[in-house]
file entry30.pdb (PDB, C-alpha atoms, pLDDT in the B column)
ATOM      1  CA  MET F   1     109.230  90.608  85.055  1.00 52.00           C
ATOM      2  CA  ILE F   2     112.575  91.048  83.360  1.00 53.00           C
ATOM      3  CA  ARG F   3     113.808  87.659  82.166  1.00 58.00           C
ATOM      4  CA  ASN F   4     116.975  88.103  80.168  1.00 52.00           C
ATOM      5  CA  GLU F   5     117.927  84.442  80.084  1.00 60.00           C
ATOM      6  CA  ASP F   6     116.598  81.212  81.495  1.00 71.00           C
ATOM      7  CA  ASN F   7     119.322  80.128  83.854  1.00 80.00           C
ATOM      8  CA  PRO F   8     119.192  76.315  84.162  1.00 85.00           C
ATOM      9  CA  ILE F   9     121.035  76.246  87.505  1.00 89.00           C
ATOM     10  CA  VAL F  10     118.524  78.538  89.199  1.00 88.00           C
ATOM     11  CA  GLY F  11     115.625  76.489  87.883  1.00 87.00           C
ATOM     12  CA  LEU F  12     117.151  73.156  88.874  1.00 91.00           C
ATOM     13  CA  VAL F  13     118.109  74.265  92.393  1.00 93.00           C
ATOM     14  CA  SER F  14     114.721  75.842  93.096  1.00 91.00           C
ATOM     15  CA  ARG F  15     112.943  72.762  91.777  1.00 91.00           C
ATOM     16  CA  ILE F  16     115.003  70.554  94.113  1.00 94.00           C
ATOM     17  CA  VAL F  17     114.701  72.827  97.173  1.00 95.00           C
ATOM     18  CA  SER F  18     111.003  73.688  96.916  1.00 94.00           C
ATOM     19  CA  PRO F  19     109.571  70.265  98.008  1.00 95.00           C
ATOM     20  CA  PHE F  20     111.793  70.247 101.092  1.00 96.00           C
ATOM     21  CA  ILE F  21     110.549  73.718 102.065  1.00 94.00           C
ATOM     22  CA  MET F  22     107.003  72.361 101.681  1.00 95.00           C
ATOM     23  CA  LEU F  23     107.806  69.332 103.852  1.00 96.00           C
ATOM     24  CA  PHE F  24     109.285  71.510 106.589  1.00 94.00           C
ATOM     25  CA  ALA F  25     106.256  73.822 106.373  1.00 94.00           C
ATOM     26  CA  LEU F  26     103.922  70.852 106.876  1.00 94.00           C
ATOM     27  CA  TYR F  27     106.018  69.811 109.886  1.00 94.00           C
ATOM     28  CA  ILE F  28     105.716  73.364 111.261  1.00 92.00           C
ATOM     29  CA  ILE F  29     101.935  73.299 110.846  1.00 93.00           C
ATOM     30  CA  PHE F  30     101.336  69.815 112.244  1.00 92.00           C
ATOM     31  CA  HIS F  31     103.822  70.103 115.100  1.00 90.00           C
ATOM     32  CA  GLY F  32     102.860  73.665 115.953  1.00 84.00           C
ATOM     33  CA  HIS F  33     101.383  73.075 119.384  1.00 83.00           C
ATOM     34  CA  TYR F  34     104.462  71.293 120.741  1.00 84.00           C
ATOM     35  CA  SER F  35     107.193  73.486 119.281  1.00 86.00           C
ATOM     36  CA  PRO F  36     107.603  77.046 117.972  1.00 86.00           C
ATOM     37  CA  GLY F  37     105.600  77.670 114.859  1.00 84.00           C
ATOM     38  CA  GLY F  38     102.010  77.137 113.899  1.00 87.00           C
ATOM     39  CA  GLY F  39      99.571  77.809 111.133  1.00 89.00           C
ATOM     40  CA  PHE F  40     100.770  81.293 110.220  1.00 92.00           C
ATOM     41  CA  GLN F  41     104.453  80.439 109.945  1.00 93.00           C
ATOM     42  CA  GLY F  42     103.804  77.157 108.150  1.00 93.00           C
ATOM     43  CA  GLY F  43     101.413  78.782 105.701  1.00 94.00           C
ATOM     44  CA  THR F  44     103.961  81.494 104.972  1.00 94.00           C
ATOM     45  CA  MET F  45     106.620  78.872 104.286  1.00 93.00           C
ATOM     46  CA  LEU F  46     104.239  77.002 101.943  1.00 93.00           C
ATOM     47  CA  ALA F  47     103.618  80.285 100.121  1.00 94.00           C
ATOM     48  CA  ALA F  48     107.373  80.925  99.987  1.00 93.00           C
ATOM     49  CA  SER F  49     107.985  77.539  98.332  1.00 94.00           C
ATOM     50  CA  LEU F  50     105.319  78.309  95.725  1.00 93.00           C
ATOM     51  CA  LEU F  51     106.717  81.820  95.165  1.00 92.00           C
ATOM     52  CA  LEU F  52     110.208  80.346  94.687  1.00 91.00           C
ATOM     53  CA  ILE F  53     108.973  78.280  91.738  1.00 90.00           C
ATOM     54  CA  ARG F  54     107.088  81.299  90.409  1.00 89.00           C
ATOM     55  CA  LEU F  55     110.185  83.508  90.574  1.00 87.00           C
ATOM     56  CA  ALA F  56     112.613  80.949  89.147  1.00 87.00           C
ATOM     57  CA  MET F  57     110.555  79.301  86.406  1.00 85.00           C
ATOM     58  CA  GLY F  58     108.119  82.082  85.538  1.00 83.00           C
ATOM     59  CA  SER F  59     104.422  82.343  86.265  1.00 82.00           C
ATOM     60  CA  GLU F  60     103.306  80.451  83.152  1.00 84.00           C
ATOM     61  CA  ILE F  61     105.129  77.218  84.078  1.00 85.00           C
ATOM     62  CA  ALA F  62     104.080  77.652  87.721  1.00 85.00           C
ATOM     63  CA  GLN F  63     100.444  77.485  86.638  1.00 88.00           C
ATOM     64  CA  LEU F  64     100.948  73.706  86.358  1.00 89.00           C
ATOM     65  CA  GLN F  65     101.671  73.623  90.095  1.00 88.00           C
ATOM     66  CA  PHE F  66      99.274  76.189  91.525  1.00 90.00           C
ATOM     67  CA  LYS F  67      96.813  77.982  89.264  1.00 90.00           C
ATOM     68  CA  ARG F  68      96.316  81.732  89.412  1.00 89.00           C
ATOM     69  CA  SER F  69      92.622  81.348  90.204  1.00 91.00           C
ATOM     70  CA  TRP F  70      93.143  79.060  93.218  1.00 92.00           C
ATOM     71  CA  GLY F  71      94.567  81.629  95.625  1.00 91.00           C
ATOM     72  CA  THR F  72      91.470  83.470  96.778  1.00 93.00           C
ATOM     73  CA  PRO F  73      89.169  80.374  97.016  1.00 95.00           C
ATOM     74  CA  LEU F  74      91.797  78.511  99.029  1.00 94.00           C
ATOM     75  CA  GLY F  75      92.129  81.461 101.406  1.00 94.00           C
ATOM     76  CA  SER F  76      88.362  81.557 101.821  1.00 95.00           C
ATOM     77  CA  ILE F  77      88.259  77.806 102.511  1.00 95.00           C
ATOM     78  CA  GLY F  78      90.917  78.249 105.192  1.00 94.00           C
ATOM     79  CA  VAL F  79      88.996  81.013 106.934  1.00 95.00           C
ATOM     80  CA  LEU F  80      85.868  78.837 106.676  1.00 95.00           C
ATOM     81  CA  ILE F  81      87.651  75.895 108.370  1.00 94.00           C
ATOM     82  CA  TYR F  82      88.776  78.202 111.185  1.00 93.00           C
ATOM     83  CA  PHE F  83      85.325  79.661 111.808  1.00 93.00           C
ATOM     84  CA  ALA F  84      83.579  76.310 111.384  1.00 92.00           C
ATOM     85  CA  THR F  85      85.735  74.855 114.166  1.00 91.00           C
ATOM     86  CA  GLY F  86      84.950  77.775 116.440  1.00 90.00           C
ATOM     87  CA  PHE F  87      81.231  77.816 115.736  1.00 90.00           C
ATOM     88  CA  THR F  88      80.936  74.045 116.075  1.00 90.00           C
ATOM     89  CA  ALA F  89      82.376  74.370 119.562  1.00 89.00           C
ATOM     90  CA  MET F  90      79.850  77.134 120.195  1.00 90.00           C
ATOM     91  CA  LEU F  91      76.940  75.035 118.906  1.00 90.00           C
ATOM     92  CA  MET F  92      77.968  72.083 121.102  1.00 88.00           C
ATOM     93  CA  GLY F  93      77.489  74.202 124.203  1.00 86.00           C
ATOM     94  CA  GLY F  94      80.834  75.845 124.814  1.00 84.00           C
ATOM     95  CA  THR F  95      82.297  79.218 124.000  1.00 88.00           C
ATOM     96  CA  PHE F  96      83.917  80.204 120.677  1.00 89.00           C
ATOM     97  CA  LEU F  97      86.959  77.972 119.940  1.00 85.00           C
ATOM     98  CA  ASN F  98      86.550  76.008 123.162  1.00 85.00           C
ATOM     99  CA  TYR F  99      87.939  72.728 121.843  1.00 85.00           C
ATOM    100  CA  GLU F 100      86.759  70.572 124.746  1.00 83.00           C
ATOM    101  CA  PHE F 101      83.186  70.670 123.471  1.00 83.00           C
ATOM    102  CA  LEU F 102      84.011  69.369 119.969  1.00 82.00           C
ATOM    103  CA  SER F 103      83.621  65.719 121.142  1.00 79.00           C
ATOM    104  CA  LEU F 104      85.972  64.325 118.496  1.00 79.00           C
ATOM    105  CA  SER F 105      87.414  61.722 120.865  1.00 79.00           C
ATOM    106  CA  GLU F 106      86.704  60.225 124.267  1.00 80.00           C
ATOM    107  CA  ILE F 107      89.860  61.639 125.836  1.00 86.00           C
ATOM    108  CA  ALA F 108      89.652  65.373 126.479  1.00 83.00           C
ATOM    109  CA  SER F 109      93.282  66.113 125.640  1.00 85.00           C
ATOM    110  CA  HIS F 110      92.971  64.316 122.277  1.00 87.00           C
ATOM    111  CA  THR F 111      89.919  66.416 121.464  1.00 87.00           C
ATOM    112  CA  ARG F 112      91.793  69.593 122.301  1.00 87.00           C
ATOM    113  CA  SER F 113      94.788  68.503 120.208  1.00 88.00           C
ATOM    114  CA  ILE F 114      92.654  67.725 117.146  1.00 88.00           C
ATOM    115  CA  GLY F 115      90.818  71.038 117.563  1.00 89.00           C
ATOM    116  CA  VAL F 116      94.057  73.005 117.591  1.00 90.00           C
ATOM    117  CA  LEU F 117      95.210  71.025 114.545  1.00 91.00           C
ATOM    118  CA  LEU F 118      92.013  71.879 112.613  1.00 91.00           C
ATOM    119  CA  VAL F 119      92.384  75.576 113.411  1.00 92.00           C
ATOM    120  CA  GLU F 120      96.043  75.579 112.377  1.00 93.00           C
ATOM    121  CA  ILE F 121      95.293  73.820 109.088  1.00 94.00           C
ATOM    122  CA  GLY F 122      92.674  76.489 108.393  1.00 94.00           C
ATOM    123  CA  VAL F 123      95.053  79.335 109.218  1.00 94.00           C
ATOM    124  CA  GLY F 124      97.826  77.786 107.125  1.00 94.00           C
ATOM    125  CA  LEU F 125      95.599  77.359 104.074  1.00 94.00           C
ATOM    126  CA  ALA F 126      94.318  80.929 104.397  1.00 95.00           C
ATOM    127  CA  VAL F 127      97.783  82.462 104.699  1.00 94.00           C
ATOM    128  CA  MET F 128      99.186  80.410 101.809  1.00 94.00           C
ATOM    129  CA  GLY F 129      96.291  81.212  99.477  1.00 95.00           C
ATOM    130  CA  ILE F 130      96.253  84.917 100.210  1.00 94.00           C
ATOM    131  CA  LEU F 131     100.027  85.389  99.897  1.00 93.00           C
ATOM    132  CA  VAL F 132     100.133  83.631  96.511  1.00 93.00           C
ATOM    133  CA  ALA F 133      97.070  85.654  95.439  1.00 93.00           C
ATOM    134  CA  ILE F 134      98.855  88.898  96.393  1.00 92.00           C
ATOM    135  CA  TYR F 135     101.848  87.885  94.250  1.00 91.00           C
ATOM    136  CA  ASP F 136      99.645  86.994  91.285  1.00 90.00           C
ATOM    137  CA  ASP F 137      97.592  90.172  91.578  1.00 90.00           C
ATOM    138  CA  LEU F 138     100.745  92.300  91.647  1.00 87.00           C
ATOM    139  CA  LEU F 139     101.960  90.693  88.411  1.00 86.00           C
ATOM    140  CA  GLU F 140      98.552  90.651  86.703  1.00 82.00           C
ATOM    141  CA  GLY F 141      98.659  91.746  83.070  1.00 74.00           C
ATOM    142  CA  ASP F 142     102.410  91.316  82.621  1.00 69.00           C
ATOM    143  CA  PRO F 143     102.763  89.162  79.503  1.00 57.00           C
ATOM    144  CA  ASP F 144     106.444  88.284  79.838  1.00 53.00           C
ATOM    145  CA  VAL F 145     106.441  86.967  83.370  1.00 49.00           C
TER     146      VAL F 145
ATOM    147  CA  MET D 146     122.217  85.866 128.251  1.00 69.00           C
ATOM    148  CA  HIS D 147     125.277  86.360 126.034  1.00 78.00           C
ATOM    149  CA  PRO D 148     125.948  90.101 125.884  1.00 87.00           C
ATOM    150  CA  GLU D 149     128.773  89.888 123.366  1.00 89.00           C
ATOM    151  CA  ILE D 150     126.574  88.043 120.851  1.00 89.00           C
ATOM    152  CA  GLU D 151     123.827  90.629 121.243  1.00 91.00           C
ATOM    153  CA  ILE D 152     126.247  93.551 120.917  1.00 93.00           C
ATOM    154  CA  THR D 153     127.696  92.055 117.713  1.00 93.00           C
ATOM    155  CA  LEU D 154     124.213  91.537 116.310  1.00 93.00           C
ATOM    156  CA  PHE D 155     123.231  95.119 117.199  1.00 94.00           C
ATOM    157  CA  VAL D 156     126.321  96.472 115.407  1.00 96.00           C
ATOM    158  CA  PHE D 157     125.474  94.513 112.254  1.00 95.00           C
ATOM    159  CA  LEU D 158     121.827  95.631 112.591  1.00 95.00           C
ATOM    160  CA  LEU D 159     122.904  99.285 112.579  1.00 96.00           C
ATOM    161  CA  ILE D 160     125.243  98.716 109.624  1.00 96.00           C
ATOM    162  CA  THR D 161     122.532  97.067 107.504  1.00 95.00           C
ATOM    163  CA  ALA D 162     120.004  99.778 108.436  1.00 95.00           C
ATOM    164  CA  VAL D 163     122.372 102.574 107.409  1.00 96.00           C
ATOM    165  CA  VAL D 164     123.257 100.763 104.177  1.00 95.00           C
ATOM    166  CA  ALA D 165     119.575 100.265 103.343  1.00 93.00           C
ATOM    167  CA  LEU D 166     118.881 103.960 103.916  1.00 94.00           C
ATOM    168  CA  THR D 167     121.841 105.473 102.077  1.00 95.00           C
ATOM    169  CA  VAL D 168     122.534 103.212  99.097  1.00 93.00           C
ATOM    170  CA  LYS D 169     121.373 104.399  95.655  1.00 91.00           C
ATOM    171  CA  ASN D 170     120.648 101.018  94.072  1.00 90.00           C
ATOM    172  CA  LEU D 171     117.159  99.880  95.103  1.00 90.00           C
ATOM    173  CA  LEU D 172     117.946  96.171  94.757  1.00 90.00           C
ATOM    174  CA  THR D 173     120.874  96.552  97.156  1.00 93.00           C
ATOM    175  CA  ALA D 174     118.564  98.347  99.578  1.00 93.00           C
ATOM    176  CA  VAL D 175     116.077  95.468  99.459  1.00 93.00           C
ATOM    177  CA  VAL D 176     118.782  92.865 100.066  1.00 93.00           C
ATOM    178  CA  SER D 177     120.132  94.959 102.947  1.00 94.00           C
ATOM    179  CA  LEU D 178     116.632  95.218 104.412  1.00 93.00           C
ATOM    180  CA  THR D 179     116.300  91.435 104.179  1.00 94.00           C
ATOM    181  CA  VAL D 180     119.580  91.045 106.071  1.00 94.00           C
ATOM    182  CA  PHE D 181     118.290  93.565 108.634  1.00 95.00           C
ATOM    183  CA  SER D 182     115.170  91.466 109.103  1.00 94.00           C
ATOM    184  CA  PHE D 183     117.177  88.260 109.502  1.00 94.00           C
ATOM    185  CA  ILE D 184     119.527  89.816 112.061  1.00 95.00           C
ATOM    186  CA  SER D 185     116.568  91.123 114.047  1.00 94.00           C
ATOM    187  CA  ALA D 186     115.139  87.592 113.992  1.00 94.00           C
ATOM    188  CA  LEU D 187     118.444  86.325 115.399  1.00 93.00           C
ATOM    189  CA  LEU D 188     118.204  89.012 118.083  1.00 93.00           C
ATOM    190  CA  TYR D 189     114.701  87.911 119.054  1.00 93.00           C
ATOM    191  CA  ILE D 190     115.932  84.330 119.353  1.00 92.00           C
ATOM    192  CA  ALA D 191     118.938  85.464 121.426  1.00 90.00           C
ATOM    193  CA  MET D 192     116.524  87.252 123.757  1.00 89.00           C
ATOM    194  CA  GLY D 193     114.436  84.095 124.177  1.00 89.00           C
ATOM    195  CA  ALA D 194     111.417  84.839 121.949  1.00 91.00           C
ATOM    196  CA  VAL D 195     111.778  81.872 119.595  1.00 91.00           C
ATOM    197  CA  ASP D 196     108.288  82.115 118.116  1.00 91.00           C
ATOM    198  CA  VAL D 197     108.584  85.814 117.301  1.00 93.00           C
ATOM    199  CA  GLY D 198     112.019  85.262 115.798  1.00 93.00           C
ATOM    200  CA  PHE D 199     110.761  82.422 113.633  1.00 92.00           C
ATOM    201  CA  THR D 200     107.890  84.528 112.345  1.00 92.00           C
ATOM    202  CA  GLU D 201     110.246  87.418 111.624  1.00 92.00           C
ATOM    203  CA  ALA D 202     112.636  85.147 109.719  1.00 92.00           C
ATOM    204  CA  VAL D 203     109.892  83.615 107.594  1.00 91.00           C
ATOM    205  CA  ILE D 204     108.037  86.857 106.854  1.00 91.00           C
ATOM    206  CA  GLY D 205     110.840  89.384 106.700  1.00 89.00           C
ATOM    207  CA  ALA D 206     113.522  87.321 105.011  1.00 81.00           C
ATOM    208  CA  GLY D 207     111.182  85.214 102.897  1.00 82.00           C
ATOM    209  CA  VAL D 208     108.098  86.900 101.553  1.00 90.00           C
ATOM    210  CA  THR D 209     108.715  90.637 102.011  1.00 91.00           C
ATOM    211  CA  GLY D 210     111.914  90.525  99.950  1.00 89.00           C
ATOM    212  CA  VAL D 211     110.080  88.783  97.107  1.00 89.00           C
ATOM    213  CA  LEU D 212     107.290  91.379  97.131  1.00 90.00           C
ATOM    214  CA  PHE D 213     109.782  94.289  97.200  1.00 90.00           C
ATOM    215  CA  ILE D 214     111.737  92.822  94.268  1.00 87.00           C
ATOM    216  CA  ILE D 215     108.516  92.491  92.248  1.00 86.00           C
ATOM    217  CA  LEU D 216     107.651  96.110  92.978  1.00 86.00           C
ATOM    218  CA  ILE D 217     111.128  97.272  91.914  1.00 86.00           C
ATOM    219  CA  PHE D 218     110.880  95.397  88.618  1.00 82.00           C
ATOM    220  CA  LYS D 219     107.348  96.695  88.046  1.00 81.00           C
ATOM    221  CA  THR D 220     108.290 100.326  88.622  1.00 82.00           C
ATOM    222  CA  SER D 221     111.849 100.629  87.278  1.00 65.00           C
ATOM    223  CA  ARG D 222     110.987  99.664  83.703  1.00 57.00           C
ATOM    224  CA  ARG D 223     109.007 102.843  83.074  1.00 54.00           C
ATOM    225  CA  SER D 224     111.705 105.105  84.486  1.00 50.00           C
ATOM    226  CA  ALA D 225     114.658 103.280  82.933  1.00 49.00           C
ATOM    227  CA  ASP D 226     115.037 105.506  79.873  1.00 48.00           C
TER     228      ASP D 226
END

call {"tool": "encode", "arguments": {"input": "entry30.pdb", "output": "structure tokens"}}
result
Amino acid sequence: MIRNEDNPIVGLVSRIVSPFIMLFALYIIFHGHYSPGGGFQGGTMLAASLLLIRLAMGSEIAQLQFKRSWGTPLGSIGVLIYFATGFTAMLMGGTFLNYEFLSLSEIASHTRSIGVLLVEIGVGLAVMGILVAIYDDLLEGDPDV
Amino acid sequence: MHPEIEITLFVFLLITAVVALTVKNLLTAVVSLTVFSFISALLYIAMGAVDVGFTEAVIGAGVTGVLFIILIFKTSRRSAD
């Protein structure tokens, strides 16, 4: 991308703001079944915090934070977590994504809560990985980014 | 619930849409489209759909603007001269 000058204010502010965006995204993911939000929104905010560093500091420095080759595997791992939760519930005798049959805890509502949490972590990882991978694939082969 | 808030938001929505369609500078169009997306998110929240509005704010104002700006920088360099 076109980088005429390295503005120190932009870099400093994005470096300060990015961890707080990540923290709020984790809150969105982990609190998703009580309040608005969930895996998709939280994963998008995680991707936005990574893209902020990539835009402000350049892709080469951002490789220290999140490597270019991690995007697609992380997305695949997220999808795998989602389907593993669903199929485990199916193998334990229920239907697909029926969290009551996961038997993670004695109390049924705790089991359901942990099941929803597992699915949302999977969705969040998948969305974050794929969005960062889209950004990196769009800028592939640009030497001055 | 509050008709005057919604009418104000609709007016600004129309203004940003017309600006995004008519302006010559592509970067201004992208910023205007981001503002359009954010105002529509506010409208969703004013109508009571908090989850939809949150998704619209994160996607439309966060990630789509970044992707559009990348595409502008990738395409304008070849046609600059």

call {"tool": "atom_distance", "arguments": {"input": "entry30.pdb", "atom1": "CA of Tyr82 (chain F)", "atom2": "CA of Gly198 (chain D)"}}
result
24.7 Å

call {"tool": "resolve_selection", "arguments": {"input": "entry30.pdb", "expression": "the PyMOL selection byres ((chain F) within 12 of (chain D))", "output": "PDB file with C-alpha atoms, in the frame of the given file"}}
result
ATOM      1  CA  MET F   1     109.230  90.608  85.055  1.00 52.00           C
ATOM      2  CA  ILE F   2     112.575  91.048  83.360  1.00 53.00           C
ATOM      3  CA  ARG F   3     113.808  87.659  82.166  1.00 58.00           C
ATOM      4  CA  ILE F  21     110.549  73.718 102.065  1.00 94.00           C
ATOM      5  CA  ALA F  25     106.256  73.822 106.373  1.00 94.00           C
ATOM      6  CA  ILE F  28     105.716  73.364 111.261  1.00 92.00           C
ATOM      7  CA  GLY F  32     102.860  73.665 115.953  1.00 84.00           C
ATOM      8  CA  HIS F  33     101.383  73.075 119.384  1.00 83.00           C
ATOM      9  CA  TYR F  34     104.462  71.293 120.741  1.00 84.00           C
ATOM     10  CA  SER F  35     107.193  73.486 119.281  1.00 86.00           C
ATOM     11  CA  PRO F  36     107.603  77.046 117.972  1.00 86.00           C
ATOM     12  CA  GLY F  37     105.600  77.670 114.859  1.00 84.00           C
ATOM     13  CA  GLY F  38     102.010  77.137 113.899  1.00 87.00           C
ATOM     14  CA  GLY F  39      99.571  77.809 111.133  1.00 89.00           C
ATOM     15  CA  PHE F  40     100.770  81.293 110.220  1.00 92.00           C
ATOM     16  CA  GLN F  41     104.453  80.439 109.945  1.00 93.00           C
ATOM     17  CA  GLY F  42     103.804  77.157 108.150  1.00 93.00           C
ATOM     18  CA  GLY F  43     101.413  78.782 105.701  1.00 94.00           C
ATOM     19  CA  THR F  44     103.961  81.494 104.972  1.00 94.00           C
ATOM     20  CA  MET F  45     106.620  78.872 104.286  1.00 93.00           C
ATOM     21  CA  LEU F  46     104.239  77.002 101.943  1.00 93.00           C
ATOM     22  CA  ALA F  47     103.618  80.285 100.121  1.00 94.00           C
ATOM     23  CA  ALA F  48     107.373  80.925  99.987  1.00 93.00           C
ATOM     24  CA  SER F  49     107.985  77.539  98.332  1.00 94.00           C
ATOM     25  CA  LEU F  50     105.319  78.309  95.725  1.00 93.00           C
ATOM     26  CA  LEU F  51     106.717  81.820  95.165  1.00 92.00           C
ATOM     27  CA  LEU F  52     110.208  80.346  94.687  1.00 91.00           C
ATOM     28  CA  ILE F  53     108.973  78.280  91.738  1.00 90.00           C
ATOM     29  CA  ARG F  54     107.088  81.299  90.409  1.00 89.00           C
ATOM     30  CA  LEU F  55     110.185  83.508  90.574  1.00 87.00           C
ATOM     31  CA  ALA F  56     112.613  80.949  89.147  1.00 87.00           C
ATOM     32  CA  VAL F 127      97.783  82.462 104.699  1.00 94.00           C
ATOM     33  CA  MET F 128      99.186  80.410 101.809  1.00 94.00           C
ATOM     34  CA  LEU F 131     100.027  85.389  99.897  1.00 93.00           C
ATOM     35  CA  VAL F 132     100.133  83.631  96.511  1.00 93.00           C
ATOM     36  CA  ALA F 133      97.070  85.654  95.439  1.00 93.00           C
ATOM     37  CA  ILE F 134      98.855  88.898  96.393  1.00 92.00           C
ATOM     38  CA  TYR F 135     101.848  87.885  94.250  1.00 91.00           C
ATOM     39  CA  ASP F 136      99.645  86.994  91.285  1.00 90.00           C
ATOM     40  CA  ASP F 137      97.592  90.172  91.578  1.00 90.00           C
ATOM     41  CA  LEU F 138     100.745  92.300  91.647  1.00 87.00           C
ATOM     42  CA  LEU F 139     101.960  90.693  88.411  1.00 86.00           C
ATOM     43  CA  GLU F 140      98.552  90.651  86.703  1.00 82.00           C
ATOM     44  CA  GLY F 141      98.659  91.746  83.070  1.00 74.00           C
ATOM     45  CA  ASP F 142     102.410  91.316  82.621  1.00 69.00           C
ATOM     46  CA  ASP F 144     106.444  88.284  79.838  1.00 53.00           C
ATOM     47  CA  VAL F 145     106.441  86.967  83.370  1.00 49.00           C
TER      48      VAL F 145
END

call {"tool": "axis_aligned_box", "arguments": {"input": "entry30.pdb", "around": "region 163-173 of chain D", "padding_each_side": "5 Å", "output": "AutoDock Vina command-line options"}}
result
--center_x 120.2 --center_y 100.8 --center_z 100.7 --size_x 16.1 --size_y 19.3 --size_z 23.3

call {"tool": "atom_distance", "arguments": {"input": "entry30.pdb", "atom1": "CA of Leu188 (chain D)", "atom2": "CA of Val163 (chain D)"}}
result
17.8 Å

call {"tool": "closest_residue", "arguments": {"input": "entry30.pdb", "among": "D:Thr173, D:Ser185, D:Thr220, D:Thr209", "to": "Phe157 (chain D)", "atoms": "all atoms listed in the file"}}
result
D:Ser185

call {"tool": "closest_residue", "arguments": {"input": "entry30.pdb", "among": "D:Val164, D:Ile150, D:Leu158, D:Phe213", "to": "Ile184 (chain D)", "atoms": "all atoms listed in the file"}}
result
D:Leu158

call {"tool": "resolve_selection", "arguments": {"input": "entry30.pdb", "expression": "the PyMOL selection byres ((chain F and resi 117) around 9)", "output": "JSON list (two decimals) with C-alpha atoms, keeping the file's coordinate frame"}}
result
[["chain", "number", "residue", "atom", "x", "y", "z"],
["F", 29, "ILE", "CA", 101.94, 73.30, 110.85],
["F", 30, "PHE", "CA", 101.34, 69.82, 112.24],
["F", 31, "HIS", "CA", 103.82, 70.10, 115.10],
["F", 32, "GLY", "CA", 102.86, 73.67, 115.95],
["F", 33, "HIS", "CA", 101.38, 73.08, 119.38],
["F", 39, "GLY", "CA", 99.57, 77.81, 111.13],
["F", 112, "ARG", "CA", 91.79, 69.59, 122.30],
["F", 113, "SER", "CA", 94.79, 68.50, 120.21],
["F", 114, "ILE", "CA", 92.65, 67.72, 117.15],
["F", 115, "GLY", "CA", 90.82, 71.04, 117.56],
["F", 116, "VAL", "CA", 94.06, 73.00, 117.59],
["F", 118, "LEU", "CA", 92.01, 71.88, 112.61],
["F", 119, "VAL", "CA", 92.38, 75.58, 113.41],
["F", 120, "GLU", "CA", 96.04, 75.58, 112.38],
["F", 121, "ILE", "CA", 95.29, 73.82, 109.09],
["F", 122, "GLY", "CA", 92.67, 76.49, 108.39]]

call {"tool": "atom_distance", "arguments": {"input": "entry30.pdb", "atom1": "CA of Gly129 (chain F)", "atom2": "CA of Glu100 (chain F)"}}
result
29.0 Å

call {"tool": "build_atoms", "arguments": {"input": "entry30.pdb", "residues": "region 68-81 of chain F", "atoms": "N, CA and C atoms", "output": "short mmCIF file (atom, residue, chain, number, x, y, z; two decimals), keeping the file's coordinate frame"}}
result
data_model
loop_
_atom_site.label_atom_id
_atom_site.label_comp_id
_atom_site.auth_asym_id
_atom_site.auth_seq_id
_atom_site.Cartn_x
_atom_site.Cartn_y
_atom_site.Cartn_z
N ARG F 68 96.50 80.35 88.97
CA ARG F 68 96.32 81.73 89.41
C ARG F 68 94.96 81.93 90.09
N SER F 69 93.98 81.14 89.68
CA SER F 69 92.62 81.35 90.20
C SER F 69 92.38 80.60 91.51
N TRP F 70 93.37 79.85 92.01
CA TRP F 70 93.14 79.06 93.22
C TRP F 70 93.39 79.84 94.49
N GLY F 71 94.11 80.96 94.41
CA GLY F 71 94.57 81.63 95.62
C GLY F 71 93.44 82.09 96.52
N THR F 72 92.55 82.91 95.96
CA THR F 72 91.47 83.47 96.78
C THR F 72 90.49 82.40 97.28
N PRO F 73 90.04 81.42 96.45
CA PRO F 73 89.17 80.37 97.02
C PRO F 73 89.82 79.58 98.13
N LEU F 74 91.12 79.29 97.98
CA LEU F 74 91.80 78.51 99.03
C LEU F 74 91.87 79.31 100.32
N GLY F 75 92.14 80.62 100.21
CA GLY F 75 92.13 81.46 101.41
C GLY F 75 90.77 81.48 102.07
N SER F 76 89.71 81.55 101.25
CA SER F 76 88.36 81.56 101.82
C SER F 76 88.04 80.24 102.50
N ILE F 77 88.50 79.12 101.89
CA ILE F 77 88.26 77.81 102.51
C ILE F 77 88.98 77.72 103.86
N GLY F 78 90.19 78.27 103.92
CA GLY F 78 90.92 78.25 105.19
C GLY F 78 90.21 79.02 106.28
N VAL F 79 89.74 80.23 105.94
CA VAL F 79 89.00 81.01 106.93
C VAL F 79 87.74 80.28 107.36
N LEU F 80 87.10 79.58 106.37
CA LEU F 80 85.87 78.84 106.68
C LEU F 80 86.15 77.69 107.64
N ILE F 81 87.30 76.99 107.45
CA ILE F 81 87.65 75.90 108.37
C ILE F 81 87.83 76.44 109.78
#
